[in-house]
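Colleague: What follows is entry-v1.tsv, made up of TSV, C-alpha atoms:
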chain	number	residue	atom	x	y	z
A	1	MET	CA	-13.11	-56.48	-38.83
A	2	GLY	CA	-12.59	-60.19	-38.15
A	3	GLU	CA	-10.62	-62.57	-40.27
A	4	ASP	CA	-13.80	-63.43	-42.19
A	5	GLY	CA	-14.33	-59.77	-43.07
A	6	LEU	CA	-17.17	-59.28	-40.60
A	7	SER	CA	-17.18	-56.90	-37.68
A	8	ALA	CA	-16.71	-58.64	-34.34
A	9	PRO	CA	-20.03	-59.12	-32.52
A	10	ARG	CA	-20.53	-56.86	-29.53
A	11	ALA	CA	-22.19	-57.52	-26.17
A	12	ASP	CA	-23.73	-55.10	-23.68
A	13	CYS	CA	-23.77	-56.43	-20.11
A	14	ILE	CA	-26.16	-55.76	-17.26
A	15	ALA	CA	-25.41	-57.02	-13.74
A	16	ASP	CA	-28.02	-57.65	-11.07
A	17	SER	CA	-27.57	-57.46	-7.32
A	18	ALA	CA	-27.95	-61.23	-6.90
A	19	GLY	CA	-24.82	-61.88	-8.94
A	20	GLY	CA	-26.43	-62.62	-12.31
A	21	LEU	CA	-25.46	-61.18	-15.71
A	22	THR	CA	-27.47	-60.46	-18.86
A	23	PHE	CA	-25.73	-60.20	-22.23
A	24	ASP	CA	-27.28	-58.36	-25.19
A	25	VAL	CA	-25.38	-59.43	-28.31
A	26	THR	CA	-25.39	-58.06	-31.84
A	27	ASP	CA	-27.87	-60.10	-33.90
A	28	HIS	CA	-26.08	-62.27	-36.46
A	29	GLY	CA	-29.01	-61.76	-38.85
A	30	GLY	CA	-29.67	-65.41	-39.62
A	31	PRO	CA	-32.32	-67.96	-38.65
A	32	ASP	CA	-29.90	-70.47	-37.12
A	33	PRO	CA	-29.81	-70.83	-33.32
A	34	ALA	CA	-26.95	-69.19	-31.48
A	35	HIS	CA	-25.29	-69.42	-28.09
A	36	LEU	CA	-23.14	-67.23	-25.92
A	37	VAL	CA	-20.18	-69.36	-24.88
A	38	LEU	CA	-18.04	-68.62	-21.81
A	39	THR	CA	-14.73	-70.51	-21.83
A	40	HIS	CA	-12.56	-70.80	-18.73
A	41	ARG	CA	-9.14	-69.49	-19.69
A	42	ASP	CA	-7.22	-72.09	-17.66
A	43	THR	CA	-9.31	-75.27	-17.80
A	44	GLY	CA	-11.08	-74.86	-21.15
A	45	GLU	CA	-14.44	-75.61	-19.51
A	46	ASP	CA	-17.41	-74.13	-21.43
A	47	VAL	CA	-20.69	-72.69	-20.21
A	48	ARG	CA	-23.21	-72.35	-23.05
A	49	LEU	CA	-26.12	-69.92	-22.79
A	50	PRO	CA	-28.89	-69.77	-25.43
A	51	LEU	CA	-29.17	-66.46	-27.32
A	52	THR	CA	-32.80	-65.53	-27.97
A	53	PRO	CA	-34.34	-62.45	-29.67
A	54	ALA	CA	-34.66	-59.55	-27.24
A	55	GLY	CA	-37.12	-57.56	-29.36
A	56	ASP	CA	-34.77	-54.63	-29.93
A	57	GLY	CA	-32.66	-56.09	-32.72
A	58	SER	CA	-30.29	-57.91	-30.38
A	59	LEU	CA	-29.99	-61.41	-28.96
A	60	ARG	CA	-30.09	-61.95	-25.22
A	61	ALA	CA	-28.45	-64.53	-22.96
A	62	ALA	CA	-28.87	-64.76	-19.20
A	63	LEU	CA	-26.37	-66.08	-16.67
A	64	PRO	CA	-28.41	-66.28	-13.46
A	65	SER	CA	-26.76	-66.39	-10.07
A	66	SER	CA	-28.11	-69.94	-9.65
A	67	VAL	CA	-25.70	-71.15	-12.38
A	68	LEU	CA	-22.38	-71.59	-10.60
A	69	LEU	CA	-19.38	-70.25	-12.46
A	70	PRO	CA	-16.07	-71.55	-11.03
A	71	GLU	CA	-13.46	-68.96	-10.12
A	72	GLY	CA	-11.28	-67.61	-12.87
A	73	ARG	CA	-11.36	-65.61	-16.09
A	74	TRP	CA	-13.94	-66.60	-18.68
A	75	ASP	CA	-13.57	-65.46	-22.30
A	76	ALA	CA	-16.85	-64.65	-24.08
A	77	PHE	CA	-17.80	-65.87	-27.56
A	78	ALA	CA	-20.89	-65.92	-29.77
A	79	GLN	CA	-21.47	-69.11	-31.75
A	80	VAL	CA	-24.03	-69.68	-34.46
A	81	ALA	CA	-24.98	-73.34	-35.05
A	82	GLY	CA	-22.53	-75.01	-37.41
A	83	GLU	CA	-19.99	-72.18	-37.22
A	84	GLU	CA	-16.85	-71.48	-35.21
A	85	PRO	CA	-17.19	-69.36	-32.05
A	86	ARG	CA	-16.38	-65.67	-32.55
A	87	ARG	CA	-14.82	-63.57	-29.81
A	88	LEU	CA	-17.12	-60.91	-28.38
A	89	THR	CA	-16.11	-57.30	-27.90
A	90	PRO	CA	-17.44	-55.26	-24.96
A	91	GLY	CA	-20.24	-52.77	-25.44
A	92	LEU	CA	-21.93	-50.88	-22.62
A	93	ASN	CA	-21.68	-52.30	-19.12
A	94	ASP	CA	-24.35	-51.42	-16.57
A	95	LEU	CA	-22.78	-52.54	-13.30
A	96	ARG	CA	-24.49	-50.10	-10.94
A	97	SER	CA	-26.13	-52.90	-8.96
A	98	LEU	CA	-22.68	-54.20	-7.96
A	99	LEU	CA	-21.81	-51.03	-6.06
A	100	ASP	CA	-22.11	-51.48	-2.29
A	101	ARG	CA	-23.62	-54.91	-2.86
A	102	VAL	CA	-24.50	-56.76	0.35
A	103	PRO	CA	-25.25	-60.44	-0.36
A	104	SER	CA	-27.40	-62.31	2.12
A	105	GLY	CA	-24.85	-65.11	2.50
A	106	SER	CA	-27.79	-67.46	3.11
A	107	ARG	CA	-26.57	-69.91	0.45
A	108	GLY	CA	-23.25	-70.34	2.24
A	109	PHE	CA	-21.25	-68.75	-0.56
A	110	VAL	CA	-20.78	-65.47	-2.40
A	111	ALA	CA	-20.78	-65.44	-6.23
A	112	VAL	CA	-19.30	-62.44	-8.04
A	113	ARG	CA	-19.12	-61.96	-11.84
A	114	ILE	CA	-17.65	-58.79	-13.33
A	115	PRO	CA	-17.44	-58.30	-17.12
A	116	TYR	CA	-14.39	-56.40	-18.34
A	117	ALA	CA	-12.38	-55.53	-21.44
A	118	THR	CA	-9.11	-57.43	-21.88
A	119	LYS	CA	-5.92	-55.70	-22.97
A	120	HIS	CA	-6.71	-56.88	-26.52
A	121	GLY	CA	-10.16	-55.27	-26.44
A	122	ASN	CA	-12.19	-58.46	-26.00
A	123	LEU	CA	-14.96	-59.25	-23.54
A	124	SER	CA	-14.22	-61.51	-20.58
A	125	VAL	CA	-15.87	-62.20	-17.24
A	126	ARG	CA	-13.97	-62.43	-13.96
A	127	SER	CA	-15.70	-64.83	-11.61
A	128	TRP	CA	-15.25	-65.50	-7.90
A	129	LEU	CA	-16.99	-68.19	-5.88
A	130	ARG	CA	-16.15	-68.00	-2.18
A	131	ALA	CA	-17.67	-70.25	0.47
A	132	PRO	CA	-17.57	-68.60	2.95
A	133	HIS	CA	-16.24	-65.11	2.16
A	134	ALA	CA	-14.52	-62.34	4.15
A	135	GLU	CA	-15.00	-58.99	2.42
A	136	ALA	CA	-12.36	-56.35	3.11
A	137	GLY	CA	-13.70	-52.91	3.87
A	138	GLU	CA	-11.84	-49.83	5.06
A	139	LEU	CA	-8.09	-50.08	5.60
A	140	LEU	CA	-6.51	-47.68	8.08
A	141	VAL	CA	-2.81	-47.46	7.28
A	142	SER	CA	-0.23	-45.78	9.52
A	143	ASP	CA	3.56	-45.75	9.73
A	144	ARG	CA	3.70	-48.87	11.89
A	145	GLU	CA	0.51	-50.85	11.38
A	146	MET	CA	-2.62	-51.45	9.34
A	147	THR	CA	-6.11	-51.96	10.73
A	148	VAL	CA	-8.34	-54.12	8.52
A	149	SER	CA	-12.12	-53.90	8.73
A	150	GLY	CA	-14.43	-56.33	7.00
A	151	ARG	CA	-17.49	-58.54	7.04
A	152	VAL	CA	-18.01	-62.28	6.74
A	153	TYR	CA	-20.65	-63.98	4.59
A	154	GLY	CA	-21.80	-67.58	4.76
A	155	THR	CA	-20.59	-68.15	8.31
A	156	THR	CA	-20.78	-66.62	11.77
A	157	ILE	CA	-18.10	-65.13	14.00
A	158	THR	CA	-17.65	-66.94	17.31
A	159	PRO	CA	-15.80	-65.87	20.47
A	160	GLU	CA	-12.90	-68.10	19.35
A	161	ALA	CA	-12.42	-66.15	16.11
A	162	HIS	CA	-9.03	-64.70	15.21
A	163	ALA	CA	-7.05	-63.47	12.21
A	164	GLU	CA	-3.96	-65.00	10.63
A	165	ILE	CA	-1.16	-63.23	8.78
A	166	ARG	CA	0.48	-65.97	6.73
A	167	SER	CA	3.85	-65.90	5.05
A	168	ARG	CA	3.52	-67.01	1.43
A	169	SER	CA	6.79	-68.89	1.78
A	170	ASP	CA	6.07	-72.63	2.10
A	171	ALA	CA	8.02	-72.90	5.32
A	172	GLY	CA	7.07	-69.48	6.61
A	173	PRO	CA	5.14	-68.77	9.79
A	174	ALA	CA	1.54	-67.79	10.38
A	175	LEU	CA	1.12	-64.97	12.86
A	176	ARG	CA	-2.03	-64.82	14.93
A	177	ALA	CA	-3.85	-61.52	15.44
A	178	GLU	CA	-6.69	-60.69	17.79
A	179	LEU	CA	-9.99	-60.17	16.00
A	180	ALA	CA	-12.67	-57.81	17.33
A	181	ALA	CA	-16.19	-58.58	16.12
A	182	HIS	CA	-19.62	-56.95	16.10
A	183	GLY	CA	-22.15	-59.28	14.51
A	184	ASP	CA	-20.77	-60.26	11.09
A	185	GLU	CA	-18.29	-57.38	11.04
A	186	PHE	CA	-14.69	-57.64	12.20
A	187	THR	CA	-11.48	-55.68	12.63
A	188	PHE	CA	-7.91	-56.77	13.27
A	189	ARG	CA	-4.50	-55.15	13.35
A	190	VAL	CA	-1.38	-56.02	11.34
A	191	ALA	CA	1.73	-54.90	13.23
A	192	TYR	CA	4.44	-54.27	10.65
A	193	GLU	CA	7.34	-54.79	13.06
A	194	GLU	CA	6.37	-58.45	13.41
A	195	LEU	CA	6.80	-59.16	9.69
A	196	ASP	CA	9.92	-60.46	7.99
A	197	ALA	CA	10.72	-59.73	4.33
A	198	GLY	CA	8.35	-61.48	1.93
A	199	ARG	CA	4.68	-61.55	0.97
A	200	TRP	CA	2.04	-62.02	3.63
A	201	ASP	CA	-1.58	-63.07	3.02
A	202	LEU	CA	-4.43	-62.11	5.34
A	203	TRP	CA	-6.97	-64.64	6.60
A	204	VAL	CA	-9.64	-64.86	9.28
A	205	ARG	CA	-10.88	-67.89	11.18
A	206	PRO	CA	-14.44	-66.90	12.13
A	207	GLU	CA	-15.04	-70.13	14.08
A	208	GLY	CA	-11.62	-70.37	15.68
A	209	GLU	CA	-8.77	-72.82	15.24
A	210	ASP	CA	-10.99	-75.78	14.36
A	211	GLY	CA	-13.01	-73.87	11.76
A	212	LEU	CA	-12.31	-72.87	8.16
A	213	ALA	CA	-9.70	-70.28	7.31
A	214	VAL	CA	-11.23	-67.61	5.05
A	215	ARG	CA	-9.15	-65.42	2.74
A	216	VAL	CA	-9.72	-61.67	3.12
A	217	ALA	CA	-10.54	-60.15	-0.28
A	218	ARG	CA	-12.35	-57.21	-1.82
A	219	LEU	CA	-14.90	-58.46	-4.35
A	220	LEU	CA	-18.20	-56.67	-3.85
A	221	ASP	CA	-18.00	-53.79	-6.31
A	222	ASP	CA	-17.68	-53.26	-10.07
A	223	ILE	CA	-13.86	-53.29	-10.36
A	224	ALA	CA	-12.48	-56.53	-11.83
A	225	ASP	CA	-8.83	-55.75	-11.02
A	226	LYS	CA	-8.23	-53.88	-7.77
A	227	LYS	CA	-4.43	-53.94	-7.85
A	228	PRO	CA	-3.84	-50.81	-10.00
A	229	ILE	CA	-6.84	-48.95	-8.53
A	230	PHE	CA	-6.48	-49.36	-4.77
A	231	THR	CA	-2.98	-48.30	-3.80
A	232	TYR	CA	-1.64	-47.60	-0.33
A	233	PRO	CA	1.41	-45.72	0.98
A	234	THR	CA	4.59	-47.62	1.73
A	235	ALA	CA	5.67	-47.44	5.37
A	236	ARG	CA	9.36	-47.56	6.32
A	237	LEU	CA	10.36	-48.48	9.83
A	238	ASP	CA	13.21	-49.88	11.89
A	239	THR	CA	12.79	-53.24	13.57
A	240	GLY	CA	15.07	-55.42	15.66
A	241	ARG	CA	15.90	-57.29	12.44
A	242	GLY	CA	16.70	-54.20	10.35
A	243	ARG	CA	14.88	-51.53	8.38
A	244	ILE	CA	11.90	-52.62	6.25
A	245	ALA	CA	9.45	-51.17	3.73
A	246	VAL	CA	5.84	-52.38	4.02
A	247	GLU	CA	3.16	-52.01	1.36
A	248	PRO	CA	-0.42	-53.33	1.54
A	249	TYR	CA	-1.87	-54.35	-1.83
A	250	TYR	CA	-4.52	-56.40	-3.61
A	251	THR	CA	-3.36	-59.41	-5.62
A	252	SER	CA	-4.48	-60.25	-9.16
A	253	ASP	CA	-7.30	-62.24	-7.52
A	254	ASN	CA	-8.31	-59.20	-5.39
A	255	ASP	CA	-7.09	-60.89	-2.21
A	256	LEU	CA	-5.57	-58.62	0.44
A	257	ALA	CA	-1.83	-59.01	1.05
A	258	VAL	CA	1.21	-57.19	2.42
A	259	LEU	CA	4.61	-56.92	0.76
A	260	VAL	CA	7.65	-56.49	3.02
A	261	THR	CA	11.08	-55.70	1.59
A	262	PRO	CA	14.41	-54.66	3.14
A	263	ALA	CA	14.83	-50.88	3.08
A	264	ALA	CA	18.00	-48.85	2.91
A	265	ALA	CA	18.85	-46.79	5.97
A	266	GLU	CA	18.04	-43.11	5.62
Could you render the structure as structure tokens?
Modeller:
Amino acid sequence: MGEDGLSAPRADCIADSAGGLTFDVTDHGGPDPAHLVLTHRDTGEDVRLPLTPAGDGSLRAALPSSVLLPEGRWDAFAQVAGEEPRRLTPGLNDLRSLLDRVPSGSRGFVAVRIPYATKHGNLSVRSWLRAPHAEAGELLVSDREMTVSGRVYGTTITPEAHAEIRSRSDAGPALRAELAAHGDEFTFRVAYEELDAGRWDLWVRPEGEDGLAVRVARLLDDIADKKPIFTYPTARLDTGRGRIAVEPYYTSDNDLAVLVTPAAAE
């Protein structure tokens, strides 16, 4: 029950393969117009979507892929005219169309929106807007290296293309890695022995040194937070600078990274 004694309104979500979302919200039972309001958690920016009768006792709002939603987490509310917004709770999510999604990339960007339940049981939407985008695919992890496979969207891979393994430290280096390409697909190797302690982010430059650097991330599925789901074994190896432990992982933004820490001798 909410503070006003009413049950919190609920929203069922349906995703389409183009990146759009449809929200079916509990009908407030009154004649006044209502909106679904998405509020960016960091900036406070609002996106307001009209709620109209769906014919099944609910109200429906559509967020088409043509409406750009800046990256971030968007909290979902229902607001009846003249009243305060009320936080929505998640109902049923039909996200099947997001599985193995392959965007055309013809618009020069990839838009991803995934509804999810927050730790407090509320409905939010995680949005990504990448222009262009490098989607991580299979990772082959061994004791001494990791091979990253992926695909680019919104750009093309040229003969000058390469990968970069960047230290997150402001003054840290960027290591260059050879990139093998077949059409829009690529692979590159991360040699663990070349990495110092710290966090390393993975990028590709599809058009070479003079082109854009594109962050490698895994976005094209129905999982809003990859970090606790996709886990990889920690490798321990000796280098000329000492023994290290290396662990690939996805960040809270679902970007691919590598954590390197000093390891005790065995």
Colleague: Just checking: using all atoms listed in the file, which residue out of A:Arg41, A:Arg215, A:Arg199, A:Lys227 ends up closest to Ala76 of chain A?
Modeller: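 Among the listed residues, the smallest separation from Ala76 of chain A belongs to A:Arg41.
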Colleague: Choose the residue, out of A:Gly150, A:Gly137, A:Gly121, A:Gly208, that has the smallest atom-to-atom separation from Leu88 of chain A; count only C-alpha atoms.
Modeller: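 Between A:Gly150, A:Gly137, A:Gly121, A:Gly208, the residue approaching Leu88 of chain A most closely is A:Gly121.
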Colleague: A:Leu21, A:Ala217, A:Leu212, A:Val190: which is nearest Asp143 of chain A, counting all atoms listed in the file?
Modeller: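 Of A:Leu21, A:Ala217, A:Leu212, A:Val190, the one nearest Asp143 of chain A, counting all atoms listed in the file, is A:Val190.
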Colleague: Measuring atom to atom with only C-alpha atoms, identify which of A:Trp128, A:Ser252, A:Thr22, A:Pro70 is nearest to Leu49 of chain A.
Modeller: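 Between A:Trp128, A:Ser252, A:Thr22, A:Pro70, the residue approaching Leu49 of chain A most closely is A:Thr22.
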Colleague: Please provide the set of residues having any atom within 10 Å of Ser124 of chain A, restricted to all atoms listed in the file, with same-chain residues fewer than 4 positions apart removed, written as a VMD selection string.
Modeller: chain A and resid 38 to 41 73 to 77 87 to 90 114 to 118
Colleague: Please produce an output containing C-alpha atoms for each residue in the selection, written as a PDB file, in the coordinates of the input.
Modeller:
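Result written to out.pdb:
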ATOM      1  CA  LEU A  38     -18.040 -68.620 -21.810  1.00  0.00           C
ATOM      2  CA  THR A  39     -14.730 -70.510 -21.830  1.00  0.00           C
ATOM      3  CA  HIS A  40     -12.560 -70.800 -18.730  1.00  0.00           C
ATOM      4  CA  ARG A  41      -9.140 -69.490 -19.690  1.00  0.00           C
ATOM      5  CA  ARG A  73     -11.360 -65.610 -16.090  1.00  0.00           C
ATOM      6  CA  TRP A  74     -13.940 -66.600 -18.680  1.00  0.00           C
ATOM      7  CA  ASP A  75     -13.570 -65.460 -22.300  1.00  0.00           C
ATOM      8  CA  ALA A  76     -16.850 -64.650 -24.080  1.00  0.00           C
ATOM      9  CA  PHE A  77     -17.800 -65.870 -27.560  1.00  0.00           C
ATOM     10  CA  ARG A  87     -14.820 -63.570 -29.810  1.00  0.00           C
ATOM     11  CA  LEU A  88     -17.120 -60.910 -28.380  1.00  0.00           C
ATOM     12  CA  THR A  89     -16.110 -57.300 -27.900  1.00  0.00           C
ATOM     13  CA  PRO A  90     -17.440 -55.260 -24.960  1.00  0.00           C
ATOM     14  CA  ILE A 114     -17.650 -58.790 -13.330  1.00  0.00           C
ATOM     15  CA  PRO A 115     -17.440 -58.300 -17.120  1.00  0.00           C
ATOM     16  CA  TYR A 116     -14.390 -56.400 -18.340  1.00  0.00           C
ATOM     17  CA  ALA A 117     -12.380 -55.530 -21.440  1.00  0.00           C
ATOM     18  CA  THR A 118      -9.110 -57.430 -21.880  1.00  0.00           C
TER      19      THR A 118
END
Colleague: For each of A:Leu68, A:Arg96, A:Asn122, A:Asp56, take the minimum atom-to-atom distance to Arg10 of chain A, counting only C-alpha atoms, then give the residue where this is smallest.
Modeller: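 Among the listed residues, the smallest separation from Arg10 of chain A belongs to A:Asn122.
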Colleague: Name the closest residue to Ser66 of chain A among the candidates A:Pro132, A:Thr261, A:Ala18, A:Ile157; distances are taken between atoms, counting only C-alpha atoms.
Modeller: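 Smallest distance to Ser66 of chain A is found for A:Ala18.
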Colleague: Fewer than 6 positions away in the same chain doesn't count, so skip those; otherwise give me all residues within 8 Å of Arg151 of chain A, counting all atoms listed in the file, as a list in words.
Modeller: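 Those residues are Ala134, Glu135, Ala136, Gly137, Asp184, Glu185 and Phe186 of chain A.
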Colleague: Would you kindly return, as number ranges by chain, each protein, DNA or RNA residue with an atom no farther than 10 Å from any atom of Ala131 of chain A, considering only C-alpha atoms and excluding same-chain residues fewer than 2 positions away?
Modeller: A: 105, 107-111, 128-129, 133-134, 153-155, 212, 214
Colleague: Can you pull out the residues contacting Ala78 of chain A? Cut-off 6 Å, using all atoms listed in the file, and skip same-chain residues under 4 positions away; I want them as a PyMOL selection string.
Modeller: chain A and resi 35-36+85-86
Colleague: As an exercise, work out the distance from atom CA of Asp210 of chain A to atom CA of Ala161 of chain A in Å and give it to one decimal place.
Modeller: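 The value is 9.9 Å.
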Colleague: Mind giving me the axis-aligned box for segment 233-240 of chain A with 5 Å on every side, centre plus edges in Å to one decimal, as lines of an AutoDock Vina configuration file?
Modeller:
center_x = 8.2
center_y = -50.6
center_z = 8.3
size_x = 23.7
size_y = 19.7
size_z = 24.7
Colleague: What does the structure give for the distance between atom CA of Ala171 of chain A and atom CA of Phe230 of chain A, in Å to one decimal?
Modeller: 29.4 Å
Colleague: Interatomic distance between atom CA of Leu99 of chain A and atom CA of Tyr249 of chain A?
Modeller: 20.7 Å
